[in-house]
$ cat start_27.txt   # compact mmCIF, C-alpha atoms and all ligand atoms
# COMPACT_ATOMS: atom_id res chain seq x y z
CA MET A 1 1.36 -5.07 11.85
CA ILE A 2 1.45 -1.93 9.73
CA LYS A 3 2.25 1.11 11.85
CA ALA A 4 0.13 4.11 10.88
CA GLY A 5 0.44 7.79 11.73
CA ILE A 6 -2.30 10.37 11.40
CA ILE A 7 -1.70 14.11 10.99
CA GLY A 8 -4.67 16.36 11.78
CA GLY A 9 -6.25 13.69 13.92
CA SER A 10 -8.62 15.97 15.79
CA GLY A 11 -10.52 16.81 12.59
CA TYR A 12 -13.41 14.94 11.03
CA THR A 13 -11.49 12.81 8.52
CA GLY A 14 -8.79 12.14 11.13
CA GLY A 15 -11.45 10.92 13.56
CA GLU A 16 -12.88 8.59 10.94
CA LEU A 17 -9.42 7.21 10.22
CA ILE A 18 -8.83 6.47 13.91
CA ARG A 19 -12.19 4.70 14.09
CA ILE A 20 -11.42 2.55 11.02
CA LEU A 21 -7.80 1.78 11.94
CA LEU A 22 -8.70 0.75 15.51
CA ASN A 23 -10.84 -1.98 13.96
CA HIS A 24 -8.39 -2.90 11.19
CA LEU A 25 -6.74 -6.23 11.98
CA GLU A 26 -3.49 -5.55 10.10
CA THR A 27 -2.71 -2.03 11.34
CA GLU A 28 -1.85 -0.38 14.59
CA ILE A 29 -1.97 3.36 15.26
CA ASP A 30 1.57 4.54 15.99
CA PHE A 31 0.72 8.19 16.63
CA VAL A 32 -1.97 10.79 16.06
CA TYR A 33 -0.37 14.22 15.70
CA SER A 34 -2.16 17.39 16.73
CA THR A 35 -1.05 21.01 16.67
CA THR A 36 -3.54 21.95 19.41
CA ARG A 37 -4.08 18.87 21.58
CA ALA A 38 -0.66 17.23 22.14
CA GLY A 39 -0.78 15.20 25.38
CA LYS A 40 -4.54 15.15 25.56
CA LYS A 41 -6.48 11.92 25.10
CA ILE A 42 -7.94 11.21 21.66
CA THR A 43 -11.32 11.01 23.32
CA THR A 44 -11.18 14.73 24.16
CA ALA A 45 -11.75 15.37 20.46
CA HIS A 46 -13.57 12.12 19.63
CA PRO A 47 -15.72 11.11 22.62
CA ASP A 48 -17.34 8.44 20.41
CA LEU A 49 -14.07 6.48 20.79
CA LEU A 50 -14.44 6.22 24.59
CA GLY A 51 -13.82 2.60 25.57
CA LEU A 52 -12.11 1.86 22.23
CA THR A 53 -8.78 3.61 22.83
CA THR A 54 -6.83 5.31 25.61
CA ILE A 55 -4.07 6.81 23.45
CA ALA A 56 -3.25 10.52 23.48
CA PHE A 57 -2.44 12.98 20.69
CA THR A 58 1.27 13.64 20.17
CA GLY A 59 3.14 16.80 19.29
CA THR A 60 5.88 14.83 17.54
CA VAL A 61 5.95 12.70 14.43
CA ASN A 62 7.57 9.28 13.90
CA LEU A 63 9.29 9.83 10.55
CA LYS A 64 9.83 6.07 10.09
CA VAL A 65 6.23 5.00 10.35
CA ASP A 66 4.98 2.58 7.64
CA VAL A 67 2.15 4.80 6.46
CA VAL A 68 1.08 8.33 7.26
CA PHE A 69 -2.32 9.88 6.53
CA LEU A 70 -2.39 13.66 6.08
CA CYS A 71 -5.81 15.00 7.10
CA LEU A 72 -5.00 18.67 6.66
CA GLY A 73 -6.61 21.61 4.92
CA HIS A 74 -5.50 22.50 1.43
CA GLY A 75 -1.93 23.83 1.25
CA ASN A 76 -1.01 22.49 4.68
CA SER A 77 0.00 19.03 3.40
CA THR A 78 2.69 20.49 1.15
CA LYS A 79 3.93 22.67 4.01
CA PHE A 80 3.88 19.75 6.46
CA LEU A 81 5.83 17.43 4.13
CA LYS A 82 8.45 20.10 3.47
CA GLU A 83 8.95 20.52 7.21
CA ASN A 84 8.80 16.82 8.11
CA LYS A 85 10.97 14.52 5.97
CA PHE A 86 9.55 11.02 6.23
CA SER A 87 11.69 7.97 5.51
CA SER A 88 11.69 6.87 1.87
CA ASP A 89 10.01 3.66 3.14
CA THR A 90 7.02 5.59 4.52
CA LYS A 91 3.94 5.52 2.32
CA ILE A 92 1.96 8.77 2.31
CA ILE A 93 -1.77 9.16 1.73
CA ASP A 94 -2.89 12.77 1.45
CA LEU A 95 -6.56 13.68 1.85
CA SER A 96 -6.29 17.30 0.74
CA ASN A 97 -6.31 18.55 -2.83
CA ASP A 98 -2.64 19.51 -2.79
CA PHE A 99 -1.51 16.72 -5.16
CA ARG A 100 -4.64 15.64 -7.02
CA LEU A 101 -4.13 17.46 -10.32
CA HIS A 102 -1.53 16.26 -12.84
CA ALA A 103 0.25 19.61 -12.56
CA ASP A 104 0.59 19.25 -8.76
CA ALA A 105 1.36 15.55 -8.53
CA ILE A 106 5.10 15.74 -7.79
CA LEU A 107 6.61 17.16 -4.60
CA GLU A 108 10.38 16.96 -4.12
CA GLY A 109 10.61 13.84 -6.30
CA LYS A 110 7.59 12.15 -4.68
CA GLU A 111 5.00 11.31 -7.33
CA PHE A 112 1.44 11.14 -6.04
CA VAL A 113 -0.95 8.70 -7.75
CA TYR A 114 -4.62 9.66 -7.90
CA GLY A 115 -6.30 7.27 -5.48
CA LEU A 116 -9.55 6.27 -7.15
CA PRO A 117 -9.41 2.46 -7.05
CA GLU A 118 -12.25 2.06 -9.56
CA THR A 119 -9.95 3.35 -12.32
CA ASN A 120 -6.43 3.33 -10.92
CA LYS A 121 -6.13 0.10 -8.95
CA GLU A 122 -2.96 -1.24 -10.55
CA LYS A 123 -1.10 2.07 -10.18
CA ILE A 124 -2.26 2.39 -6.56
CA LYS A 125 -0.91 -1.10 -5.75
CA SER A 126 2.62 -0.03 -6.65
CA ALA A 127 2.39 3.58 -5.45
CA ASN A 128 4.18 5.04 -2.44
CA TYR A 129 2.27 8.32 -2.46
CA ILE A 130 -1.46 8.76 -2.94
CA ALA A 131 -3.58 11.84 -3.59
CA ASN A 132 -6.93 10.76 -2.19
CA PRO A 133 -9.83 12.09 -4.31
CA GLY A 134 -12.20 14.78 -3.09
CA CYS A 135 -15.64 13.88 -1.76
CA PHE A 136 -17.76 15.58 -4.44
CA ALA A 137 -15.19 14.46 -7.00
CA THR A 138 -15.62 10.81 -5.95
CA ALA A 139 -19.41 10.91 -6.17
CA ILE A 140 -19.40 12.71 -9.53
CA GLN A 141 -16.66 10.67 -11.16
CA LEU A 142 -18.18 7.36 -10.19
CA ALA A 143 -21.47 8.61 -11.67
CA LEU A 144 -19.90 9.62 -15.00
CA LEU A 145 -16.81 7.50 -15.71
CA PRO A 146 -18.59 4.65 -17.55
CA LEU A 147 -20.27 7.16 -19.89
CA ALA A 148 -16.96 8.92 -20.53
CA LYS A 149 -15.26 5.63 -21.36
CA ALA A 150 -18.04 4.78 -23.82
CA GLY A 151 -17.88 8.24 -25.44
CA LEU A 152 -21.43 9.07 -24.30
CA LEU A 153 -20.68 12.37 -22.53
CA LYS A 154 -20.46 14.58 -25.60
CA LYS A 155 -23.21 17.00 -24.61
CA GLU A 156 -23.27 19.30 -21.58
CA ILE A 157 -23.74 17.56 -18.24
CA HIS A 158 -25.82 19.13 -15.46
CA ILE A 159 -24.70 18.05 -12.00
CA ASN A 160 -26.27 18.78 -8.62
CA ALA A 161 -24.87 17.41 -5.39
CA VAL A 162 -25.98 18.00 -1.84
CA THR A 163 -23.48 17.50 0.97
CA GLY A 164 -23.67 17.15 4.73
CA SER A 165 -22.09 19.73 7.03
CA THR A 166 -19.09 17.53 7.95
CA GLY A 167 -17.84 18.18 4.41
CA ALA A 168 -16.76 21.61 5.63
CA GLY A 169 -14.49 20.31 8.42
CA VAL A 170 -14.66 20.54 12.20
CA SER A 171 -14.09 24.29 12.63
CA PRO A 172 -17.39 26.13 13.02
CA SER A 173 -18.26 28.60 10.29
CA ASP A 174 -21.22 30.78 9.30
CA THR A 175 -22.67 28.04 7.12
CA THR A 176 -22.12 25.18 9.56
CA HIS A 177 -23.58 27.05 12.54
CA PHE A 178 -26.58 25.01 13.72
CA SER A 179 -29.00 27.96 13.68
CA TRP A 180 -28.14 28.68 10.07
CA ARG A 181 -27.74 25.16 8.71
CA ASN A 182 -30.64 23.43 10.40
CA ASN A 183 -33.86 23.48 8.35
CA ASN A 184 -31.97 25.33 5.63
CA VAL A 185 -30.65 24.68 2.11
CA SER A 186 -28.38 26.81 -0.07
CA TRP A 187 -26.08 26.45 -3.06
CA TYR A 188 -22.48 27.67 -3.22
CA LYS A 189 -19.62 28.05 -5.69
CA PRO A 190 -21.99 27.69 -8.67
CA PHE A 191 -20.18 26.18 -11.71
CA THR A 192 -16.74 26.85 -10.16
CA HIS A 193 -16.24 24.25 -7.40
CA GLN A 194 -12.59 23.26 -7.11
CA HIS A 195 -13.32 19.53 -7.55
CA LEU A 196 -14.22 20.13 -11.21
CA GLY A 197 -10.48 20.06 -11.97
CA GLU A 198 -9.89 16.50 -10.84
CA VAL A 199 -13.22 15.30 -12.27
CA GLY A 200 -12.30 16.84 -15.63
CA GLU A 201 -8.89 15.16 -15.65
CA SER A 202 -10.35 11.74 -14.88
CA LEU A 203 -13.08 12.02 -17.50
CA ALA A 204 -10.52 13.22 -20.06
CA SER A 205 -8.33 10.15 -19.45
CA PHE A 206 -10.40 8.09 -21.89
CA ASN A 207 -9.68 10.49 -24.76
CA THR A 208 -13.34 10.79 -25.70
CA PRO A 209 -15.15 14.12 -26.17
CA VAL A 210 -16.59 15.41 -22.88
CA GLY A 211 -19.22 18.16 -22.80
CA GLU A 212 -19.23 21.05 -20.36
CA LEU A 213 -19.69 20.08 -16.69
CA LEU A 214 -22.23 22.40 -15.06
CA PHE A 215 -21.95 21.69 -11.35
CA LEU A 216 -24.08 23.26 -8.65
CA PRO A 217 -23.06 22.13 -5.12
CA THR A 218 -25.67 22.41 -2.36
CA ARG A 219 -25.33 22.48 1.43
CA GLY A 220 -27.73 20.07 3.06
CA ASN A 221 -29.01 20.28 6.63
CA PHE A 222 -27.66 16.88 7.66
CA PRO A 223 -24.17 16.00 8.91
CA ARG A 224 -22.93 13.24 6.58
CA GLY A 225 -23.24 12.08 3.02
CA ILE A 226 -23.42 13.29 -0.57
CA LEU A 227 -26.27 12.62 -2.98
CA ALA A 228 -25.28 13.63 -6.51
CA THR A 229 -27.47 13.75 -9.59
CA ALA A 230 -26.21 14.28 -13.12
CA TYR A 231 -28.15 14.32 -16.36
CA THR A 232 -27.24 14.62 -19.99
CA VAL A 233 -28.63 13.92 -23.45
CA PHE A 234 -28.76 10.20 -24.15
CA ASP A 235 -30.38 8.50 -27.10
CA GLY A 236 -29.61 4.86 -26.22
CA GLU A 237 -31.61 2.25 -24.32
CA LEU A 238 -31.72 2.24 -20.52
CA ASP A 239 -31.02 -1.51 -20.35
CA GLU A 240 -27.89 -1.07 -22.39
CA VAL A 241 -26.49 1.71 -20.25
CA ILE A 242 -27.25 -0.22 -17.05
CA ALA A 243 -25.33 -3.16 -18.52
CA LEU A 244 -22.49 -0.76 -19.40
CA TYR A 245 -22.26 0.46 -15.78
CA LYS A 246 -22.47 -3.04 -14.32
CA ASP A 247 -19.67 -4.16 -16.60
CA PHE A 248 -17.52 -1.10 -15.79
CA TYR A 249 -17.88 -1.74 -12.05
CA LYS A 250 -17.83 -5.55 -12.13
CA ASN A 251 -14.56 -5.71 -10.17
CA ALA A 252 -15.27 -2.69 -7.94
CA LEU A 253 -15.84 -3.89 -4.40
CA PHE A 254 -17.27 -0.60 -3.16
CA THR A 255 -19.30 0.69 -6.11
CA GLN A 256 -22.67 -0.91 -6.75
CA VAL A 257 -25.17 -0.29 -9.52
CA ALA A 258 -28.61 -0.44 -7.90
CA ASP A 259 -31.71 -1.53 -9.79
CA GLU A 260 -33.93 0.32 -7.31
CA GLU A 261 -33.94 4.07 -6.73
CA ILE A 262 -31.32 5.02 -4.14
CA HIS A 263 -31.28 7.34 -1.14
CA LEU A 264 -28.53 8.76 1.03
CA LYS A 265 -28.95 6.77 4.23
CA GLN A 266 -28.24 3.45 2.52
CA VAL A 267 -24.56 4.42 2.21
CA VAL A 268 -23.96 6.68 5.23
CA ASN A 269 -21.41 5.05 7.58
CA THR A 270 -20.13 2.80 4.77
CA ASN A 271 -17.37 2.94 2.17
CA GLN A 272 -19.89 2.22 -0.56
CA CYS A 273 -20.93 4.27 -3.57
CA HIS A 274 -24.37 3.35 -4.86
CA ILE A 275 -25.37 4.37 -8.38
CA HIS A 276 -28.77 4.38 -10.09
CA LEU A 277 -29.74 5.10 -13.69
CA HIS A 278 -33.03 6.49 -14.97
CA LYS A 279 -34.11 7.56 -18.45
CA HIS A 280 -36.71 10.20 -19.35
CA ASN A 281 -37.26 10.94 -23.06
CA ASN A 282 -33.75 11.59 -24.38
CA ARG A 283 -32.20 12.40 -20.98
CA LEU A 284 -30.21 10.02 -18.80
CA LEU A 285 -30.26 10.74 -15.07
CA ILE A 286 -27.44 9.23 -13.02
CA THR A 287 -27.66 9.33 -9.23
CA SER A 288 -24.78 8.46 -6.92
CA ALA A 289 -24.60 8.42 -3.14
CA ILE A 290 -21.59 8.20 -0.83
CA ASP A 291 -20.58 9.00 2.73
CA ASN A 292 -18.33 12.07 2.32
CA LEU A 293 -16.13 11.01 5.25
CA LEU A 294 -15.74 7.37 4.12
CA LYS A 295 -15.82 6.69 0.37
CA GLY A 296 -15.32 10.45 0.00
CA ALA A 297 -12.29 10.58 2.33
CA SER A 298 -11.03 8.25 5.10
CA GLY A 299 -12.65 5.01 3.90
CA GLN A 300 -11.18 5.45 0.44
CA ALA A 301 -7.84 6.34 2.06
CA VAL A 302 -7.85 3.00 3.92
CA GLN A 303 -8.99 1.21 0.74
CA ASN A 304 -5.90 2.73 -0.94
CA MET A 305 -3.69 1.70 1.99
CA ASN A 306 -4.98 -1.87 1.70
CA LEU A 307 -4.10 -1.95 -2.00
CA MET A 308 -0.65 -0.38 -1.44
CA PHE A 309 0.25 -2.99 1.22
CA GLY A 310 -1.21 -5.96 -0.68
CA LEU A 311 -3.97 -6.46 1.90
CA GLU A 312 -7.52 -7.56 1.21
CA GLU A 313 -9.15 -4.42 -0.23
CA ARG A 314 -12.06 -4.58 2.22
CA SER A 315 -9.95 -4.90 5.38
CA GLY A 316 -11.38 -2.68 8.08
CA LEU A 317 -14.10 -1.43 5.75
CA ASN A 318 -16.94 -3.91 6.17
CA LEU A 319 -19.27 -1.27 7.54
CA LYS A 320 -23.04 -1.46 7.49
CA ALA A 321 -25.20 1.61 7.01
CA ALA A 322 -27.43 2.72 9.85
CA ALA A 323 -30.24 3.01 7.35
CA PHE A 324 -32.99 4.04 9.73
N1 LIG B 401 -14.64 16.57 5.56
C1 LIG B 401 -14.81 15.90 4.44
O1 LIG B 401 -15.91 15.40 4.13
C2 LIG B 401 -13.66 15.71 3.48
C3 LIG B 401 -13.84 14.84 2.41
C4 LIG B 401 -12.78 14.66 1.52
C5 LIG B 401 -11.59 15.35 1.70
N2 LIG B 401 -11.47 16.20 2.73
C6 LIG B 401 -10.22 16.91 2.88
O2 LIG B 401 -9.49 16.31 3.95
C7 LIG B 401 -8.74 17.31 4.65
C8 LIG B 401 -9.15 17.28 6.12
O3 LIG B 401 -10.54 17.56 6.20
P1 LIG B 401 -11.32 17.58 7.57
O4 LIG B 401 -12.74 17.76 7.22
O5 LIG B 401 -10.90 16.42 8.41
O6 LIG B 401 -10.74 18.94 8.20
P2 LIG B 401 -10.84 19.43 9.70
O7 LIG B 401 -11.99 18.77 10.36
O8 LIG B 401 -10.82 20.91 9.62
O9 LIG B 401 -9.49 18.90 10.37
C9 LIG B 401 -8.21 19.35 9.98
C10 LIG B 401 -7.28 19.28 11.18
O10 LIG B 401 -5.98 19.63 10.74
C11 LIG B 401 -5.22 20.17 11.87
N3 LIG B 401 -4.49 21.33 11.39
C12 LIG B 401 -4.99 22.53 11.07
N4 LIG B 401 -4.00 23.32 10.60
C13 LIG B 401 -2.87 22.59 10.63
C14 LIG B 401 -1.51 22.83 10.25
N5 LIG B 401 -1.15 23.99 9.74
N6 LIG B 401 -0.60 21.84 10.41
C15 LIG B 401 -0.97 20.64 10.90
N7 LIG B 401 -2.24 20.36 11.28
C16 LIG B 401 -3.16 21.33 11.12
C17 LIG B 401 -6.24 20.51 12.92
O11 LIG B 401 -6.09 19.55 13.94
P3 LIG B 401 -5.19 19.85 15.23
O12 LIG B 401 -5.73 21.12 15.81
O13 LIG B 401 -5.43 18.66 16.07
O14 LIG B 401 -3.80 19.97 14.77
C18 LIG B 401 -7.60 20.29 12.25
O15 LIG B 401 -8.56 19.79 13.13
C19 LIG B 401 -9.07 18.66 3.96
O16 LIG B 401 -8.09 18.94 3.00
C20 LIG B 401 -10.39 18.38 3.28
O17 LIG B 401 -10.64 19.18 2.16
C21 LIG B 401 -12.47 16.38 3.65
$ encode --input "start_27.txt" --output "structure tokens"
Amino acid sequence: MIKAGIIGGSGYTGGELIRILLNHLETEIDFVYSTTRAGKKITTAHPDLLGLTTIAFTGTVNLKVDVVFLCLGHGNSTKFLKENKFSSDTKIIDLSNDFRLHADAILEGKEFVYGLPETNKEKIKSANYIANPGCFATAIQLALLPLAKAGLLKKEIHINAVTGSTGAGVSPSDTTHFSWRNNNVSWYKPFTHQHLGEVGESLASFNTPVGELLFLPTRGNFPRGILATAYTVFDGELDEVIALYKDFYKNALFTQVADEEIHLKQVVNTNQCHIHLHKHNNRLLITSAIDNLLKGASGQAVQNMNLMFGLEERSGLNLKAAAF
């Protein structure tokens, strides 16, 4: 059994990791570290796990664990790893954006591999350290990577993506307060969202010209999921571009190209990304949908763990959407 540790286990992505790992046949949870709840039962933070586990949060870390997941806010992963020196045998999967960009990928000799299995599977298999992609970044990259590879992203790309409130973490804030968020919609960080950096680096990896990415993130009044739309100038045939996407993702177990129009609920509670293509005049519209906490975070983290340990990629991740 692979022994796993979770740091930041009382948060949203930590809770999802506990849920997945409790049902993963090849792993066992060694510890769930918390700065605020040491000694208290996991179910004090995650009452949905009642009956599934009796373990308690710890205030100490097993530095020899086989794999550790860091579910911490940006900047805190770097700090935590500097203060806690894990064994060189411990694999580390970080969910923050501390190590995602090329310029940030090395910490004290540890080289973090960008954990998007759709493009980086072979590197992930031999990696010891993973920078798990961001949630918006996952939805947007999976929508655009086939076009970038084919050199079809030369013109500017307009991207909209609406996210559920869990994307902002467990701590209440002005824009996650129920009275504000419910029955409400608003955009934020127009054209400057931090995930543009990692998206840009991935798209640039094919060495084809990539037009400007104009990204407008939107807060939705639902808890989970991201629905992203992107459109750009496209003069080719729809059939051809659908075939291009299906070929690009032919070995991707968690990314599906849908013939029918897609909606958010068909992926919520799963590790799937569903993609749909539509053409209008000379514009191509690409829609992608993911669960921000699964394919956008903890599900993809477990997918990466499975690859790193030579396990079946789907282990623990055969989740069905609650589509109604
Ligand atoms: N939410 C998403 O949809 C999503 C998607 C992709 C990536 N991410 C990224 O994943 C990371 C975790 O996100 P989240 O939504 O799970 O956040 P969260 O709900 O805010 O949970 C983070 C947890 O980290 C712990 N913590 C806070 N400060 C700490 C410190 N200085 N040292 C150690 N632990 C500390 C806290 O737990 P204790 O009080 O128990 O210590 C807190 O509950 C973030 O970097 C986020 O950007 C999130």
$ closest_residue --input "start_27.txt" --among "A:Leu101, A:Leu95, A:Ala258, A:Ile242" --to "ligand LIG 401 (chain B)" --atoms "all atoms listed in the file"
A:Leu95
$ closest_residue --input "start_27.txt" --among "A:Gly164, A:Pro146, A:Gly59, A:Gly200" --to "Thr119 (chain A)" --atoms "all atoms listed in the file"
A:Pro146
$ closest_residue --input "start_27.txt" --among "A:Ser179, A:Ser10, A:Asn120, A:Asn132" --to "Asp98 (chain A)" --atoms "all atoms listed in the file"
A:Asn132
$ residues_near_point --input "start_27.txt" --point "(-2.6, -4.1, 2.0)" --cutoff "12 Å" --atoms "all atoms listed in the file" --output "ChimeraX atom specification"
/A:1-2,24-27,66-67,91,124-127,301-316
$ write_last_selection --input "start_27.txt" --atoms "C-alpha atoms" --output "tab-separated table (two decimals), in the frame of the given file"
chain	number	residue	atom	x	y	z
A	1	MET	CA	1.36	-5.07	11.85
A	2	ILE	CA	1.45	-1.93	9.73
A	24	HIS	CA	-8.39	-2.90	11.19
A	25	LEU	CA	-6.74	-6.23	11.98
A	26	GLU	CA	-3.49	-5.55	10.10
A	27	THR	CA	-2.71	-2.03	11.34
A	66	ASP	CA	4.98	2.58	7.64
A	67	VAL	CA	2.15	4.80	6.46
A	91	LYS	CA	3.94	5.52	2.32
A	124	ILE	CA	-2.26	2.39	-6.56
A	125	LYS	CA	-0.91	-1.10	-5.75
A	126	SER	CA	2.62	-0.03	-6.65
A	127	ALA	CA	2.39	3.58	-5.45
A	301	ALA	CA	-7.84	6.34	2.06
A	302	VAL	CA	-7.85	3.00	3.92
A	303	GLN	CA	-8.99	1.21	0.74
A	304	ASN	CA	-5.90	2.73	-0.94
A	305	MET	CA	-3.69	1.70	1.99
A	306	ASN	CA	-4.98	-1.87	1.70
A	307	LEU	CA	-4.10	-1.95	-2.00
A	308	MET	CA	-0.65	-0.38	-1.44
A	309	PHE	CA	0.25	-2.99	1.22
A	310	GLY	CA	-1.21	-5.96	-0.68
A	311	LEU	CA	-3.97	-6.46	1.90
A	312	GLU	CA	-7.52	-7.56	1.21
A	313	GLU	CA	-9.15	-4.42	-0.23
A	314	ARG	CA	-12.06	-4.58	2.22
A	315	SER	CA	-9.95	-4.90	5.38
A	316	GLY	CA	-11.38	-2.68	8.08
$ closest_residue --input "start_27.txt" --among "A:Val267, A:Ile7, A:Ala103, A:Leu49" --to "ligand LIG 401 (chain B)" --atoms "all atoms listed in the file"
A:Ile7
$ closest_atom_pairs --input "start_27.txt" --of "chain A" --to "ligand LIG 401 (chain B)" --cutoff "8 Å" --atoms "only C-alpha atoms and all ligand atoms" --output "CSV"
residue,atom,partner,partner_atom,distance
A:Ile7,CA,B:LIG401,N7,6.3
A:Gly8,CA,B:LIG401,O10,3.7
A:Gly9,CA,B:LIG401,O13,5.5
A:Ser10,CA,B:LIG401,O13,4.2
A:Gly11,CA,B:LIG401,O9,3.2
A:Tyr12,CA,B:LIG401,O5,3.9
A:Thr13,CA,B:LIG401,O5,3.7
A:Gly14,CA,B:LIG401,O5,5.5
A:Gly15,CA,B:LIG401,O5,7.6
A:Tyr33,CA,B:LIG401,O13,6.7
A:Ser34,CA,B:LIG401,O13,3.6
A:Thr35,CA,B:LIG401,O14,3.5
A:Thr36,CA,B:LIG401,O12,4.3
A:Arg37,CA,B:LIG401,O13,5.7
A:Ala38,CA,B:LIG401,O13,7.9
A:Phe57,CA,B:LIG401,O13,7.9
A:Leu70,CA,B:LIG401,C7,7.5
A:Cys71,CA,B:LIG401,C8,4.2
A:Leu72,CA,B:LIG401,O10,4.3
A:Gly73,CA,B:LIG401,O16,3.6
A:His74,CA,B:LIG401,O16,4.7
A:Asn76,CA,B:LIG401,N5,5.3
A:Ser77,CA,B:LIG401,N6,7.6
A:Lys79,CA,B:LIG401,N5,7.8
A:Phe80,CA,B:LIG401,N6,6.3
A:Asp94,CA,B:LIG401,O2,7.9
A:Leu95,CA,B:LIG401,O2,4.5
A:Ser96,CA,B:LIG401,O16,3.3
A:Asn97,CA,B:LIG401,O16,6.1
A:Asp98,CA,B:LIG401,O16,8.0
A:Asn132,CA,B:LIG401,C5,7.6
A:Pro133,CA,B:LIG401,C4,7.0
A:Gly134,CA,B:LIG401,C4,4.6
A:Cys135,CA,B:LIG401,C4,4.4
A:Phe136,CA,B:LIG401,C4,7.8
A:Gly164,CA,B:LIG401,O1,8.0
A:Thr166,CA,B:LIG401,N1,5.1
A:Gly167,CA,B:LIG401,O1,3.4
A:Ala168,CA,B:LIG401,N1,5.5
A:Gly169,CA,B:LIG401,O4,3.3
A:Val170,CA,B:LIG401,O7,3.7
A:Ser171,CA,B:LIG401,O8,5.6
A:Arg224,CA,B:LIG401,O1,7.7
A:Asn292,CA,B:LIG401,O1,4.5
A:Leu293,CA,B:LIG401,O1,4.5
A:Leu294,CA,B:LIG401,C3,7.9
A:Gly296,CA,B:LIG401,C4,5.1
A:Ala297,CA,B:LIG401,C4,4.2
A:Ser298,CA,B:LIG401,C4,7.5
$ write_last_selection --input "start_27.txt" --atoms "C-alpha atoms" --output "PDB file, in the frame of the given file"
ATOM      1  CA  ILE A   7      -1.700  14.110  10.990  1.00  0.00           C
ATOM      2  CA  GLY A   8      -4.670  16.360  11.780  1.00  0.00           C
ATOM      3  CA  GLY A   9      -6.250  13.690  13.920  1.00  0.00           C
ATOM      4  CA  SER A  10      -8.620  15.970  15.790  1.00  0.00           C
ATOM      5  CA  GLY A  11     -10.520  16.810  12.590  1.00  0.00           C
ATOM      6  CA  TYR A  12     -13.410  14.940  11.030  1.00  0.00           C
ATOM      7  CA  THR A  13     -11.490  12.810   8.520  1.00  0.00           C
ATOM      8  CA  GLY A  14      -8.790  12.140  11.130  1.00  0.00           C
ATOM      9  CA  GLY A  15     -11.450  10.920  13.560  1.00  0.00           C
ATOM     10  CA  TYR A  33      -0.370  14.220  15.700  1.00  0.00           C
ATOM     11  CA  SER A  34      -2.160  17.390  16.730  1.00  0.00           C
ATOM     12  CA  THR A  35      -1.050  21.010  16.670  1.00  0.00           C
ATOM     13  CA  THR A  36      -3.540  21.950  19.410  1.00  0.00           C
ATOM     14  CA  ARG A  37      -4.080  18.870  21.580  1.00  0.00           C
ATOM     15  CA  ALA A  38      -0.660  17.230  22.140  1.00  0.00           C
ATOM     16  CA  PHE A  57      -2.440  12.980  20.690  1.00  0.00           C
ATOM     17  CA  LEU A  70      -2.390  13.660   6.080  1.00  0.00           C
ATOM     18  CA  CYS A  71      -5.810  15.000   7.100  1.00  0.00           C
ATOM     19  CA  LEU A  72      -5.000  18.670   6.660  1.00  0.00           C
ATOM     20  CA  GLY A  73      -6.610  21.610   4.920  1.00  0.00           C
ATOM     21  CA  HIS A  74      -5.500  22.500   1.430  1.00  0.00           C
ATOM     22  CA  ASN A  76      -1.010  22.490   4.680  1.00  0.00           C
ATOM     23  CA  SER A  77       0.000  19.030   3.400  1.00  0.00           C
ATOM     24  CA  LYS A  79       3.930  22.670   4.010  1.00  0.00           C
ATOM     25  CA  PHE A  80       3.880  19.750   6.460  1.00  0.00           C
ATOM     26  CA  ASP A  94      -2.890  12.770   1.450  1.00  0.00           C
ATOM     27  CA  LEU A  95      -6.560  13.680   1.850  1.00  0.00           C
ATOM     28  CA  SER A  96      -6.290  17.300   0.740  1.00  0.00           C
ATOM     29  CA  ASN A  97      -6.310  18.550  -2.830  1.00  0.00           C
ATOM     30  CA  ASP A  98      -2.640  19.510  -2.790  1.00  0.00           C
ATOM     31  CA  ASN A 132      -6.930  10.760  -2.190  1.00  0.00           C
ATOM     32  CA  PRO A 133      -9.830  12.090  -4.310  1.00  0.00           C
ATOM     33  CA  GLY A 134     -12.200  14.780  -3.090  1.00  0.00           C
ATOM     34  CA  CYS A 135     -15.640  13.880  -1.760  1.00  0.00           C
ATOM     35  CA  PHE A 136     -17.760  15.580  -4.440  1.00  0.00           C
ATOM     36  CA  GLY A 164     -23.670  17.150   4.730  1.00  0.00           C
ATOM     37  CA  THR A 166     -19.090  17.530   7.950  1.00  0.00           C
ATOM     38  CA  GLY A 167     -17.840  18.180   4.410  1.00  0.00           C
ATOM     39  CA  ALA A 168     -16.760  21.610   5.630  1.00  0.00           C
ATOM     40  CA  GLY A 169     -14.490  20.310   8.420  1.00  0.00           C
ATOM     41  CA  VAL A 170     -14.660  20.540  12.200  1.00  0.00           C
ATOM     42  CA  SER A 171     -14.090  24.290  12.630  1.00  0.00           C
ATOM     43  CA  ARG A 224     -22.930  13.240   6.580  1.00  0.00           C
ATOM     44  CA  ASN A 292     -18.330  12.070   2.320  1.00  0.00           C
ATOM     45  CA  LEU A 293     -16.130  11.010   5.250  1.00  0.00           C
ATOM     46  CA  LEU A 294     -15.740   7.370   4.120  1.00  0.00           C
ATOM     47  CA  GLY A 296     -15.320  10.450   0.000  1.00  0.00           C
ATOM     48  CA  ALA A 297     -12.290  10.580   2.330  1.00  0.00           C
ATOM     49  CA  SER A 298     -11.030   8.250   5.100  1.00  0.00           C
TER      50      SER A 298
END
$ closest_residue --input "start_27.txt" --among "A:Gln141, A:Thr44, A:Asn128, A:Gln272" --to "Ile290 (chain A)" --atoms "all atoms listed in the file"
A:Gln272
$ residues_near_point --input "start_27.txt" --point "(0.2, 10.2, -12.0)" --cutoff "9 Å" --atoms "all atoms listed in the file" --output "count of residues only"
10
$ closest_residue --input "start_27.txt" --among "A:Leu153, A:Ala4, A:Ile130, A:Val210" --to "Leu107 (chain A)" --atoms "all atoms listed in the file"
A:Ile130
